[in-house]
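*Asks:* File final.csv follows (CSV, C-alpha atoms):
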chain,number,residue,atom,x,y,z
A,1,MET,CA,-10.2,-4.7,-15.1
A,2,SER,CA,-9.0,-1.2,-16.0
A,3,LYS,CA,-6.4,0.6,-13.9
A,4,ASN,CA,-8.9,3.4,-13.1
A,5,LEU,CA,-11.4,0.8,-11.7
A,6,LEU,CA,-8.7,-0.9,-9.6
A,7,LEU,CA,-7.7,2.4,-8.0
A,8,ALA,CA,-11.3,3.4,-7.6
A,9,LYS,CA,-12.1,0.1,-5.8
A,10,SER,CA,-9.2,0.6,-3.5
A,11,ILE,CA,-10.1,4.1,-2.5
A,12,ALA,CA,-13.8,3.2,-2.0
A,13,GLY,CA,-12.9,0.2,0.2
A,14,GLU,CA,-10.6,2.3,2.3
A,15,ILE,CA,-13.2,5.1,2.8
A,16,THR,CA,-16.1,2.8,3.6
A,17,LEU,CA,-14.1,0.5,6.0
A,18,SER,CA,-12.5,3.4,7.9
A,19,LYS,CA,-13.7,4.6,11.3
A,20,ASN,CA,-12.6,8.1,10.1
A,21,PRO,CA,-13.8,8.3,6.5
A,22,GLY,CA,-13.4,12.0,6.4
A,23,LYS,CA,-9.6,11.8,7.1
A,24,VAL,CA,-9.3,9.1,4.4
A,25,MET,CA,-11.1,11.4,1.9
A,26,ARG,CA,-8.8,14.3,2.8
A,27,LYS,CA,-5.7,12.1,2.4
A,28,TRP,CA,-6.7,11.0,-1.1
A,29,ARG,CA,-7.7,14.6,-2.1
A,30,GLU,CA,-4.2,15.7,-1.1
A,31,ILE,CA,-2.5,12.7,-2.8
A,32,PHE,CA,-4.2,13.8,-6.1
A,33,GLY,CA,-3.1,17.4,-5.4
A,34,MET,CA,-6.6,18.9,-5.3
A,35,LYS,CA,-7.7,21.8,-3.2
A,36,GLN,CA,-11.1,21.8,-1.4
A,37,ASN,CA,-12.5,24.4,-3.8
A,38,GLN,CA,-11.3,22.5,-6.8
A,39,LEU,CA,-13.0,19.3,-5.6
A,40,ALA,CA,-16.1,21.2,-4.7
A,41,SER,CA,-16.3,22.6,-8.3
A,42,TYR,CA,-16.1,19.1,-9.7
A,43,LEU,CA,-18.8,17.9,-7.4
A,44,GLY,CA,-21.1,21.0,-7.9
A,45,ILE,CA,-21.1,21.8,-4.1
A,46,THR,CA,-19.5,24.4,-1.9
A,47,PRO,CA,-16.1,24.1,-0.3
A,48,SER,CA,-17.7,24.2,3.2
A,49,VAL,CA,-19.5,20.9,2.4
A,50,ILE,CA,-16.2,19.3,1.6
A,51,SER,CA,-14.8,20.6,4.8
A,52,ASP,CA,-17.8,19.1,6.7
A,53,TYR,CA,-17.0,15.7,5.2
A,54,GLU,CA,-13.3,15.9,6.0
A,55,SER,CA,-14.0,17.1,9.5
A,56,GLU,CA,-16.4,14.2,10.2
A,57,ARG,CA,-19.4,16.6,10.5
A,58,ARG,CA,-21.0,14.7,7.6
A,59,THR,CA,-20.8,11.0,6.8
A,60,PRO,CA,-20.4,10.1,3.1
A,61,GLY,CA,-22.9,7.7,1.6
A,62,ILE,CA,-22.2,5.3,-1.2
A,63,ASN,CA,-23.3,7.7,-4.0
A,64,PHE,CA,-21.2,10.5,-2.6
A,65,VAL,CA,-18.1,8.3,-2.4
A,66,LYS,CA,-18.6,7.3,-6.1
A,67,LYS,CA,-18.9,11.0,-7.1
A,68,PHE,CA,-15.9,11.8,-5.0
A,69,ILE,CA,-13.7,9.1,-6.6
A,70,ASN,CA,-14.8,10.1,-10.1
A,71,ALA,CA,-13.9,13.7,-9.4
A,72,LEU,CA,-10.4,12.6,-8.3
A,73,LEU,CA,-9.8,10.5,-11.4
A,74,SER,CA,-11.2,13.1,-13.8
A,75,TYR,CA,-9.0,15.8,-12.2
A,76,ASP,CA,-5.9,13.5,-12.5
A,77,ALA,CA,-6.7,12.7,-16.2
A,78,GLU,CA,-7.2,16.4,-17.1
A,79,ASN,CA,-4.3,17.8,-15.1
A,80,GLY,CA,-1.8,15.1,-14.4
A,81,ASN,CA,-2.0,12.7,-17.4
A,82,GLU,CA,-3.3,10.0,-15.1
A,83,SER,CA,-0.1,10.2,-13.1
A,84,ILE,CA,-1.6,8.8,-9.9
A,85,VAL,CA,-3.4,6.0,-11.6
A,86,LYS,CA,-0.2,4.9,-13.4
A,87,LYS,CA,1.8,5.1,-10.2
A,88,PHE,CA,-0.7,3.1,-8.2
A,89,SER,CA,-1.7,0.4,-10.7
A,90,VAL,CA,0.1,-2.8,-11.8
A,91,GLY,CA,0.1,-4.9,-14.8
A,92,ASP,CA,-1.6,-7.9,-13.2
A,93,GLU,CA,-4.0,-6.9,-10.4
A,94,LYS,CA,-4.2,-10.6,-9.2
A,95,ALA,CA,-0.6,-10.4,-8.0
A,96,ILE,CA,-1.5,-7.5,-5.6
A,97,LEU,CA,-3.5,-9.0,-2.7
A,98,ASP,CA,-3.7,-5.8,-0.7
A,99,MET,CA,-2.3,-2.3,-0.8
A,100,ARG,CA,-2.7,0.6,1.6
A,101,GLU,CA,-1.3,4.1,2.2
A,102,PHE,CA,-1.4,5.1,5.9
A,103,LEU,CA,-3.0,8.4,7.0
A,104,THR,CA,0.0,8.9,9.3
A,105,PRO,CA,3.4,7.1,9.2
A,106,MET,CA,3.9,4.0,11.5
A,107,LYS,CA,7.1,2.8,13.1
A,108,GLY,CA,8.4,-0.5,11.7
A,109,THR,CA,8.5,-2.0,15.2
A,110,LYS,CA,4.7,-1.5,15.6
A,111,PHE,CA,4.1,-3.0,12.1
A,112,VAL,CA,6.1,-6.1,12.9
A,113,LYS,CA,4.0,-6.7,16.0
A,114,ILE,CA,0.8,-6.5,14.0
A,115,ILE,CA,2.0,-9.2,11.5
A,116,LYS,CA,3.5,-11.3,14.3
A,117,GLY,CA,6.9,-11.0,12.7
A,118,THR,CA,10.2,-12.7,13.6
A,119,ILE,CA,13.1,-10.4,12.7
A,120,LEU,CA,15.9,-11.9,10.8
A,121,SER,CA,18.1,-8.9,10.1
A,122,ASN,CA,18.6,-5.1,10.7
A,123,LYS,CA,16.4,-4.9,13.8
A,124,GLU,CA,17.8,-1.4,14.6
A,125,LEU,CA,16.4,0.0,11.3
A,126,LEU,CA,12.8,-0.9,12.3
A,127,GLU,CA,12.7,2.4,14.3
A,128,LYS,CA,12.2,4.1,10.9
A,129,GLU,CA,8.6,4.9,9.8
A,130,ILE,CA,6.7,3.4,7.0
A,131,HIS,CA,3.9,5.0,5.0
A,132,GLY,CA,2.0,2.0,3.8
A,133,TYR,CA,2.3,-1.6,2.7
A,134,THR,CA,1.7,-3.9,-0.3
A,135,VAL,CA,0.9,-7.6,0.0
A,136,ILE,CA,2.2,-9.5,-3.1
A,137,ASP,CA,1.8,-13.0,-4.5
A,138,SER,CA,5.5,-13.7,-4.8
A,139,ILE,CA,5.1,-16.4,-7.5
A,140,LYS,CA,3.0,-14.2,-9.9
A,141,THR,CA,5.2,-11.1,-9.2
A,142,ILE,CA,8.6,-12.7,-9.7
A,143,ILE,CA,7.6,-14.8,-12.7
A,144,GLU,CA,5.2,-12.6,-14.6
A,145,PHE,CA,6.1,-9.0,-13.9
A,146,SER,CA,8.4,-6.9,-16.0
A,147,GLU,CA,10.8,-4.5,-14.2
A,148,GLU,CA,8.4,-1.6,-14.7
A,149,GLU,CA,5.5,-3.6,-13.3
A,150,PHE,CA,7.6,-4.7,-10.4
A,151,LEU,CA,8.4,-1.1,-9.5
A,152,SER,CA,4.7,-0.2,-9.5
A,153,ILE,CA,4.1,-2.4,-6.4
A,154,TYR,CA,5.5,0.5,-4.4
A,155,GLY,CA,2.2,2.3,-4.8
A,156,LEU,CA,2.3,6.0,-3.9
A,157,ASN,CA,5.2,5.9,-1.5
A,158,THR,CA,8.3,3.8,-1.5
A,159,GLU,CA,8.8,4.0,2.3
A,160,ARG,CA,6.6,1.0,2.8
A,161,ALA,CA,6.6,-2.7,3.7
A,162,LEU,CA,6.6,-5.2,0.9
A,163,ILE,CA,5.0,-8.5,2.1
A,164,PHE,CA,5.6,-11.5,-0.2
A,165,THR,CA,3.3,-14.4,0.2
A,166,LYS,CA,3.7,-18.0,-1.0
A,167,VAL,CA,7.4,-17.9,-0.3
A,168,LYS,CA,9.5,-21.1,-0.2
A,169,PHE,CA,13.0,-19.8,0.5
A,170,GLY,CA,12.9,-16.0,0.2
A,171,ARG,CA,15.8,-15.8,-2.2
A,172,SER,CA,13.9,-14.6,-5.3
A,173,PRO,CA,12.1,-11.6,-3.7
A,174,MET,CA,15.4,-10.4,-2.3
A,175,ILE,CA,17.3,-10.8,-5.6
A,176,ALA,CA,14.5,-8.9,-7.3
A,177,ILE,CA,14.8,-6.1,-4.8
A,178,LYS,CA,18.6,-6.0,-5.0
A,179,VAL,CA,18.6,-5.5,-8.8
A,180,THR,CA,15.9,-2.8,-8.8
A,181,THR,CA,15.5,0.8,-7.5
A,182,PRO,CA,13.9,2.1,-5.3
A,183,LYS,CA,14.1,-0.1,-2.2
A,184,PRO,CA,11.3,-0.7,0.4
A,185,ARG,CA,11.7,0.1,4.1
A,186,ILE,CA,10.9,-3.5,5.2
A,187,VAL,CA,10.6,-6.9,3.5
A,188,VAL,CA,8.2,-9.5,5.0
A,189,LEU,CA,8.2,-13.1,3.9
A,190,HIS,CA,5.1,-15.3,4.5
A,191,GLY,CA,4.6,-19.0,3.9
A,192,LEU,CA,7.6,-20.4,5.6
A,193,ILE,CA,9.3,-20.4,9.0
A,194,PRO,CA,12.5,-18.4,9.9
A,195,GLU,CA,14.7,-21.5,9.7
A,196,GLU,CA,13.7,-22.1,6.1
A,197,VAL,CA,14.8,-18.6,4.9
A,198,ASP,CA,17.7,-18.9,2.4
A,199,LYS,CA,21.0,-17.5,3.8
A,200,LEU,CA,21.5,-15.5,0.6
A,201,ALA,CA,18.2,-13.7,1.2
A,202,ILE,CA,19.4,-12.7,4.7
A,203,LYS,CA,22.8,-11.6,3.3
A,204,ILE,CA,21.2,-9.4,0.6
A,205,SER,CA,18.9,-7.8,3.3
A,206,LYS,CA,22.0,-6.9,5.3
A,207,ILE,CA,23.9,-5.5,2.3
A,208,GLU,CA,20.9,-3.4,1.2
A,209,LYS,CA,20.2,-2.4,4.8
A,210,ILE,CA,16.5,-3.6,4.7
A,211,PRO,CA,15.0,-5.3,7.7
A,212,LEU,CA,13.9,-8.8,6.8
A,213,VAL,CA,11.0,-10.3,8.7
A,214,VAL,CA,9.0,-13.5,8.6
A,215,SER,CA,5.3,-13.3,9.5
A,216,MET,CA,4.3,-16.1,11.8
A,217,ILE,CA,0.6,-15.8,10.9
A,218,ARG,CA,0.0,-19.1,9.2
A,219,GLU,CA,-2.9,-18.2,6.9
A,220,GLU,CA,-2.6,-15.6,4.1
A,221,LYS,CA,-6.2,-14.5,4.6
A,222,LYS,CA,-5.7,-14.0,8.3
A,223,LEU,CA,-2.5,-11.9,7.6
A,224,ILE,CA,-4.5,-9.6,5.3
A,225,GLU,CA,-7.3,-9.4,7.9
A,226,ASN,CA,-4.9,-8.2,10.5
A,227,LEU,CA,-3.5,-5.6,8.2
A,228,LYS,CA,-6.9,-4.2,7.4
A,229,LYS,CA,-7.7,-3.8,11.1
A,230,ILE,CA,-4.8,-1.3,11.5
A,231,GLU,CA,-6.3,1.9,12.8
A,232,ASN,CA,-4.4,4.7,11.1
Write out the structure in this file as structure tokens.
*Replies:*
Amino acid sequence: MSKNLLLAKSIAGEITLSKNPGKVMRKWREIFGMKQNQLASYLGITPSVISDYESERRTPGINFVKKFINALLSYDAENGNESIVKKFSVGDEKAILDMREFLTPMKGTKFVKIIKGTILSNKELLEKEIHGYTVIDSIKTIIEFSEEEFLSIYGLNTERALIFTKVKFGRSPMIAIKVTTPKPRIVVLHGLIPEEVDKLAIKISKIEKIPLVVSMIREEKKLIENLKKIEN
């Protein structure tokens, strides 16, 4: 699957599943650095129509969403050398189980409640805001990703939560984070209980000043479902 198609599917899913599709469209237009009149020109419509969609006065249908996404990708290719696509995409899409950029930042404390998290370190730092999250298959990511591919899991904003699934001890994800830059705001481990987390993982989280959390939601599918329900 091409990087363009991966990003297009992500944007389409976010728009169609949102209770406020217009706000999501505006967010992505701004991420791509497009003005309303530029987007209107690509779509062959007036800027006022774009404003109607973004203000929820019009509801986008499937065909319009497709045209909207194609306009964003075309603009990025022509003016930014596919910078957004490269930043968003990863080498092996199967390792990324879910990725989302929030419309508005969310406090880490609220995010931890949503994932039913148990905090292992740096609780005081959870007052900081995050701008999104990435759910990652830890086995595929740690074993198969190059350093460049690993960095791409940060999506469009590094101030996010990285959620590693299929974790046995938690040591490998934290070592990978320690030896790379930038750093996430929060690291979440899934697939084990707090008592099973390696002491080295906790030590690294304290050194790097990154809150380490274990999600107590047992099923990976249920965890992702909870995240997709976030109204933001």
*Asks:* Could you list, as a VMD selection string, every residue within 6 Å of Pro105 in chain A, counting only C-alpha atoms and ignoring same-chain residues fewer than 3 positions away?
*Replies:* chain A and resid 129 to 131
*Asks:* Keeping only C-alpha atoms, write those residues as a short mmCIF file (atom, residue, chain, number, x, y, z; two decimals), in the frame of the given file.
*Replies:*
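Once written, out.cif looks like this:
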data_model
loop_
_atom_site.label_atom_id
_atom_site.label_comp_id
_atom_site.auth_asym_id
_atom_site.auth_seq_id
_atom_site.Cartn_x
_atom_site.Cartn_y
_atom_site.Cartn_z
CA GLU A 129 8.60 4.90 9.80
CA ILE A 130 6.70 3.40 7.00
CA HIS A 131 3.90 5.00 5.00
#
*Asks:* To one decimal place, how far is CA of Arg58 in chain A from CA of Asn20 in chain A in Å?
*Replies:*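 Value for the CA of Arg58 in chain A-CA of Asn20 in chain A distance: 11.0 Å.
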*Asks:* My list of candidates is A:Asp198, A:Glu144, A:Glu124, A:Asp76. Which is closest to Ile186 in chain A when distances are computed with all atoms listed in the file?
*Replies:*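 Counting all atoms listed in the file, the residue closest to Ile186 in chain A is A:Glu124.
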*Asks:* Name all residues at most 10 Å from Lys140 in chain A (count all atoms listed in the file; drop same-chain ones fewer than 5 positions away) and give them as a PyMOL selection string.
*Replies:* chain A and resi 92+94-96+145+166
*Asks:* So which residues fall inside 7 Å of (18.1, -19.3, 0.5) if we count all atoms listed in the file? Mind giving them as a VMD selection string?
*Replies:* chain A and resid 169 to 171 197 to 201
*Asks:* Applying 10 Å and only C-alpha atoms, which residues near Asn122 in chain A remain after dropping the ones on its own chain fewer than 2 positions away? List them as a ChimeraX atom specification.
*Replies:* /A:119-120,124-126,186,202,205-213
*Asks:* Tell me which of A:Tyr75, A:Phe64, A:Phe111, A:Phe102 sits closest to Lys35 in chain A, counting all atoms listed in the file.
*Replies:*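 Closest residue, counting all atoms listed in the file: A:Tyr75.
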*Asks:* What does the distance between CA of Val188 in chain A and CA of Ile175 in chain A come to in Å, to one decimal place?
*Replies:* 14.0 Å
*Asks:* Which residue out of A:Lys107, A:Arg100, A:Lys67, A:Arg26 has the minimum interatomic distance to Gly132 in chain A when all atoms listed in the file are used?
*Replies:* A:Arg100
*Asks:* Return the single residue from A:Met25, A:Glu54, A:Thr158, A:Pro47 that is closest to Phe68 in chain A, with distances computed using only C-alpha atoms.
*Replies:*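 With only C-alpha atoms as the atom set, the closest residue is A:Met25.
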*Asks:* With all atoms listed in the file as the basis for distance, which of A:Ile31, A:Leu5, A:Ile230, A:Thr180 is at the shortest distance from Ser146 in chain A?
*Replies:*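 That would be A:Thr180, the residue with the smallest distance to Ser146 in chain A.
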*Asks:* Just to confirm, what's the straight-line distance from CA of Ile204 in chain A to CA of Leu189 in chain A in Å (one decimal)?
*Replies:*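 These atoms are spaced 13.9 Å apart.
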*Asks:* Here is a test: counting only C-alpha atoms, which residue of A:Val24, A:Ala71, A:Ala12, A:Ile143 is nearest to Ser41 in chain A?
*Replies:*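 Closest to Ser41 in chain A, using only C-alpha atoms: A:Ala71.
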*Asks:* Give me the residues near Met216 in chain A as a list in words, where near means some atom within 9 Å (using all atoms listed in the file) and where sequence neighbours in that chain fewer than 4 positions away do not count.
*Replies:*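 With the cut-off at 9 Å, the set is Ile115, Lys116, Gly117, Thr118, His190, Gly191, Leu192, Ile193 and Pro194 of chain A.
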